[in-house]
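Engineer: Just model.cif, nothing more (mmCIF, C-alpha atoms):
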data_start
#
loop_
_atom_site.label_atom_id
_atom_site.label_comp_id
_atom_site.auth_asym_id
_atom_site.auth_seq_id
_atom_site.Cartn_x
_atom_site.Cartn_y
_atom_site.Cartn_z
CA MET T 282 -8.13 25.27 22.62
CA ASP T 283 -7.16 24.99 18.99
CA GLU T 284 -9.13 26.40 16.02
CA ASP T 285 -11.29 23.24 15.88
CA GLY T 286 -12.34 23.54 19.52
CA ASN T 287 -10.12 20.68 20.73
CA TYR T 288 -8.23 20.98 23.99
CA VAL T 289 -4.48 21.20 23.60
CA LYS T 290 -2.15 19.72 26.20
CA ALA T 291 0.67 21.89 27.54
CA LYS T 292 3.31 19.51 26.12
CA ASP T 293 1.78 19.95 22.65
CA LEU T 294 2.45 23.70 22.76
CA SER T 295 6.18 23.08 22.53
CA LYS T 296 5.86 21.06 19.30
CA GLY T 297 6.44 22.57 15.88
CA ARG T 298 4.08 22.60 12.89
CA LEU T 299 5.62 19.47 11.39
CA GLU T 300 5.05 17.46 14.57
CA LEU T 301 1.43 18.60 14.95
CA ALA T 302 0.34 18.02 11.34
CA ASP T 303 -1.94 15.09 10.58
CA ARG T 304 0.15 12.13 9.38
CA GLY T 305 -2.81 10.27 7.87
CA ILE T 306 -2.41 9.56 4.15
CA PHE T 307 -5.30 7.20 3.30
CA LYS T 308 -8.30 6.01 5.28
CA PHE T 309 -10.70 3.49 3.77
CA ASP T 310 -12.08 0.02 4.45
CA PRO T 311 -9.59 -2.47 2.92
CA ILE T 312 -12.49 -4.60 1.66
CA ASP T 313 -13.38 -1.70 -0.67
CA LEU T 314 -9.98 -1.78 -2.40
CA GLN T 315 -10.49 -3.18 -5.90
CA ALA T 316 -7.14 -2.56 -7.58
CA ILE T 317 -3.58 -1.46 -6.92
CA ARG T 318 -1.80 -0.01 -9.95
CA ARG T 319 1.83 1.06 -9.90
CA THR T 320 3.83 2.77 -12.61
CA MET T 321 7.59 2.70 -12.11
CA ASP T 322 10.35 3.17 -14.70
CA GLY T 323 7.67 3.13 -17.42
CA LYS T 324 6.54 -0.35 -16.36
CA GLU T 325 3.19 -1.22 -14.86
CA LEU T 326 2.14 -3.55 -12.09
CA GLU T 327 -1.54 -4.17 -11.46
CA LEU T 328 -3.16 -6.26 -8.77
CA SER T 329 -6.93 -6.66 -9.06
CA MET T 330 -9.57 -8.12 -6.80
CA ASP T 331 -11.90 -10.49 -8.62
CA ALA T 332 -14.67 -12.12 -6.58
CA ALA T 333 -12.73 -12.92 -3.40
CA ASN T 334 -9.18 -13.31 -4.72
CA TRP T 335 -6.34 -11.03 -5.69
CA SER T 336 -4.62 -11.60 -9.01
CA ILE T 337 -1.83 -9.93 -10.95
CA THR T 338 -3.14 -8.57 -14.25
CA LYS T 339 -0.02 -6.63 -15.33
CA PRO T 340 2.74 -7.08 -16.40
CA ALA T 341 1.46 -10.63 -16.98
CA LYS T 342 -1.55 -12.52 -15.65
CA ALA T 343 -0.71 -14.62 -12.60
CA SER T 344 -2.11 -15.63 -9.23
CA ALA T 345 -1.20 -13.19 -6.48
CA ASP T 346 0.03 -14.09 -3.01
CA GLN T 347 -3.30 -13.70 -1.20
CA ARG T 348 -1.86 -13.14 2.26
CA MET T 349 0.57 -10.50 1.03
CA ALA T 350 -2.09 -8.70 -1.04
CA GLU T 351 -4.56 -8.68 1.85
CA GLU T 352 -1.89 -7.38 4.25
CA LEU T 353 -0.97 -4.65 1.76
CA ALA T 354 -4.66 -3.68 1.36
CA GLU T 355 -5.01 -3.54 5.15
CA ARG T 356 -1.97 -1.29 5.54
CA LEU T 357 -2.99 0.97 2.65
CA GLY T 358 -6.47 1.37 4.15
CA SER T 359 -4.99 3.13 7.17
CA LEU T 360 -1.74 4.44 5.70
CA ARG T 361 0.09 6.91 7.92
CA ALA T 362 3.34 8.76 7.45
CA GLU T 363 6.30 8.24 9.74
CA ARG T 364 6.56 12.03 9.89
CA ILE T 365 5.91 15.16 7.86
CA ALA T 366 8.80 16.41 5.71
CA ASP T 367 7.24 19.64 4.38
CA ILE T 368 3.77 21.03 5.06
CA GLU T 369 3.53 23.22 1.97
CA GLY T 370 5.36 20.96 -0.49
CA LYS T 371 6.32 23.78 -2.84
CA ASP T 372 9.70 22.40 -4.00
CA LEU T 373 8.70 18.87 -5.10
CA ALA T 374 11.98 18.31 -6.99
CA LYS T 375 13.83 18.47 -3.66
CA PHE T 376 11.92 15.34 -2.57
CA GLY T 377 12.03 13.53 -5.92
CA LEU T 378 8.30 14.14 -6.41
CA ALA T 379 8.40 16.43 -9.47
CA GLN T 380 9.16 13.25 -11.43
CA PRO T 381 8.35 10.52 -8.90
CA MET T 382 10.15 7.19 -8.83
CA ALA T 383 6.75 5.49 -8.72
CA THR T 384 3.09 6.38 -8.78
CA VAL T 385 0.64 4.09 -6.98
CA ARG T 386 -3.06 4.37 -7.84
CA LEU T 387 -5.69 2.70 -5.72
CA GLU T 388 -9.17 1.97 -7.01
CA VAL T 389 -11.55 2.07 -4.05
CA ILE T 390 -15.32 1.72 -3.87
CA GLY T 391 -16.52 4.94 -2.28
CA LYS T 392 -19.86 6.28 -1.14
CA GLY T 393 -22.79 5.36 -3.34
CA ALA T 394 -20.76 2.45 -4.77
CA LYS T 395 -18.85 4.89 -6.99
CA THR T 396 -15.23 4.12 -7.78
CA VAL T 397 -12.73 6.59 -6.34
CA GLU T 398 -9.07 6.74 -7.29
CA LYS T 399 -6.47 7.56 -4.64
CA THR T 400 -2.94 8.31 -5.81
CA LEU T 401 0.39 8.27 -4.00
CA LYS T 402 3.59 9.57 -5.57
CA ILE T 403 6.78 8.03 -4.19
CA GLY T 404 9.98 10.03 -4.44
CA THR T 405 13.61 9.70 -3.48
CA PRO T 406 14.98 8.01 -0.36
CA VAL T 407 15.16 10.23 2.73
CA ASP T 408 18.74 9.03 3.19
CA PRO T 409 20.42 8.50 -0.22
CA ALA T 410 22.79 5.98 1.42
CA LYS T 411 19.75 3.78 2.25
CA PRO T 412 17.80 3.23 -1.00
CA GLU T 413 15.61 0.59 0.69
CA GLY T 414 14.83 2.90 3.60
CA GLU T 415 12.22 5.60 4.14
CA ARG T 416 11.05 7.60 1.13
CA PHE T 417 9.38 10.90 0.51
CA ALA T 418 5.80 10.64 -0.71
CA GLN T 419 2.78 12.78 -1.48
CA ALA T 420 -0.88 11.89 -1.88
CA ASP T 421 -2.69 13.43 -4.84
CA GLY T 422 -4.43 16.64 -3.86
CA ALA T 423 -2.31 17.09 -0.72
CA GLY T 424 0.32 19.79 -0.46
CA THR T 425 2.06 18.00 2.38
CA VAL T 426 5.17 15.93 1.66
CA VAL T 427 5.41 12.97 4.02
CA VAL T 428 7.99 10.35 4.92
CA LEU T 429 6.80 6.84 4.10
CA SER T 430 8.14 4.03 6.31
CA ALA T 431 10.91 1.80 5.00
CA PHE T 432 8.56 -1.20 5.24
CA MET T 433 5.82 0.37 3.11
CA SER T 434 8.32 1.87 0.68
CA LYS T 435 9.86 -1.54 0.12
CA LYS T 436 6.43 -3.19 -0.34
CA LEU T 437 5.17 -0.59 -2.78
CA LEU T 438 8.38 -0.61 -4.84
CA ALA T 439 8.88 -4.40 -4.88
CA ASP T 440 9.48 -6.30 -8.11
CA PRO T 441 6.29 -7.78 -9.60
CA ILE T 442 7.54 -11.31 -8.86
CA LYS T 443 7.34 -10.53 -5.12
CA PHE T 444 3.53 -10.31 -5.46
CA ARG T 445 3.14 -13.75 -7.10
CA GLU T 446 1.66 -16.79 -5.43
CA ARG T 447 4.50 -18.81 -3.90
CA ASN T 448 2.75 -22.17 -3.48
CA LEU T 449 4.03 -24.79 -5.88
CA ALA T 450 0.87 -26.89 -5.83
CA SER T 451 -2.61 -26.84 -4.43
CA PHE T 452 -4.61 -29.90 -3.47
CA VAL T 453 -7.94 -28.15 -3.07
CA THR T 454 -9.36 -29.76 -6.21
CA ALA T 455 -7.68 -33.14 -5.82
CA ASP T 456 -9.94 -36.16 -5.41
CA PRO T 457 -9.22 -37.22 -1.79
CA PHE T 458 -9.71 -40.98 -2.17
CA PRO T 459 -11.72 -42.53 -4.91
CA ASP T 460 -14.30 -44.99 -3.70
CA ILE T 461 -12.05 -47.33 -1.77
CA ASP T 462 -13.71 -49.99 0.24
CA MET T 463 -11.52 -50.56 3.29
CA ALA T 464 -13.13 -54.00 3.82
CA ASP T 465 -11.50 -55.24 0.60
CA SER T 466 -8.02 -54.25 1.75
CA ARG T 467 -7.54 -57.19 4.13
#
Transcribe the structure of this file into structure tokens.

Structural biologist:
Amino acid sequence: MDEDGNYVKAKDLSKGRLELADRGIFKFDPIDLQAIRRTMDGKELELSMDAANWSITKPAKASADQRMAEELAERLGSLRAERIADIEGKDLAKFGLAQPMATVRLEVIGKGAKTVEKTLKIGTPVDPAKPEGERFAQADGAGTVVVLSAFMSKKLLADPIKFRERNLASFVTADPFPDIDMADSR
């Protein structure tokens, strides 16, 4: 048994500390996510939930790609690391986290309807030859340095234009057919 009273399998005894550490970064209901704010290279990106739709409020106001924003919220709500890079995280400069490439702040409705901010610092690529690959990251308040998947790294570091609505037109408000009497068309 471990210190929490959980049974440990024999195969787990051969694993090291990094393999046994909890890889969970964030855990919240995606419907409670109200805003995603990213600071990168001194520039800000902000996506906000208003009523039932996501919109971009920084760097300029625009409609957000709803499907992409909802998928991102879903993934952030249960964000897990690919693996643990360093449990103690004492040398943050080694991982590019002393001065992170980007800082992502999430505004989440917590218990008692109070707003809680969750922060993720994103550092350098794990493999410098693959800048669009996995990246080192650290959640605020955590000592552990984790490896963020290439997919999530790319999403969180994407240019603001990647978050914009891609539809050219919408016919939701169009008048379907004004009062046309089909009997008169003969």

Engineer: For a cut-off of 10 Å around (0.3, 3.0, 2.6), file coordinates, pick out all residues using only C-alpha atoms and list them as a PyMOL selection string.

Structural biologist: chain T and resi 305-308+353-362+385+401+418+429-430+432-434+436-437

Engineer: Measuring between all atoms listed in the file, which one of T:Ala383, T:Val397, T:Val426, T:Ile442 shows the shortest distance to Lys342 of chain T?

Structural biologist: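 Closest residue, counting all atoms listed in the file: T:Ile442.
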
Engineer: Give me, please, the distance in Å between atom CA of Glu415 of chain T and atom CA of Ile403 of chain T, quoted to one decimal.

Structural biologist: 10.2 Å

Engineer: Check the smallest atom-to-atom distance from each of T:Thr396, T:Thr338, T:Gln419, T:Thr425 to Pro441 of chain T using only C-alpha atoms, then report the winner.

Structural biologist: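 Smallest separation from Pro441 of chain T among the options: T:Thr338.
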
Engineer: Which residues, named as in the file, does the PyMOL selection byres ((chain T and resi 444) around 10) pick out? Answer as a list in words.

Structural biologist: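 After applying the PyMOL selection byres ((chain T and resi 444) around 10), what remains is Leu326, Glu327, Leu328, Trp335, Ser336, Ile337, Ala343, Ser344, Ala345, Asp346, Gln347, Arg348, Met349, Ala350, Lys436, Ala439, Asp440, Pro441, Ile442, Lys443, Arg445, Glu446 and Arg447 of chain T.
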
Engineer: Take atom CA of Lys375 of chain T and atom CA of Gly414 of chain T and report the distance between them in Å, one decimal.

Structural biologist: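 Separation between atom CA of Lys375 of chain T and atom CA of Gly414 of chain T: 17.2 Å.
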
Engineer: Which one of T:Ile365, T:Leu438, T:Ala341, T:Met321 sits closest to Gln380 of chain T if you count all atoms listed in the file?

Structural biologist: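 Ranked by minimum distance to Gln380 of chain T, first place goes to T:Met321.
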
Engineer: Quick one: residues within 7 Å of (11.7, 11.7, -3.0) (file frame), counting all atoms listed in the file, please, as a list in words.

Structural biologist: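 With a cut-off of 7 Å, the residues come to Phe376, Gly377, Leu378, Pro381, Ile403, Gly404, Thr405, Pro406, Val407, Arg416, Phe417 and Ala418 of chain T.
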
Engineer: Can you work out which one of T:Thr384, T:Thr400, T:Asn448, T:Lys411 has the shortest atom-to-atom distance to Glu325 of chain T, counting only C-alpha atoms?

Structural biologist: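 That would be T:Thr384, the residue with the smallest distance to Glu325 of chain T.
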
Engineer: Pick out the closest residue to Lys339 of chain T from this set: T:Arg318, T:Leu387, T:Glu351, T:Lys395. Count all atoms listed in the file.

Structural biologist: T:Arg318
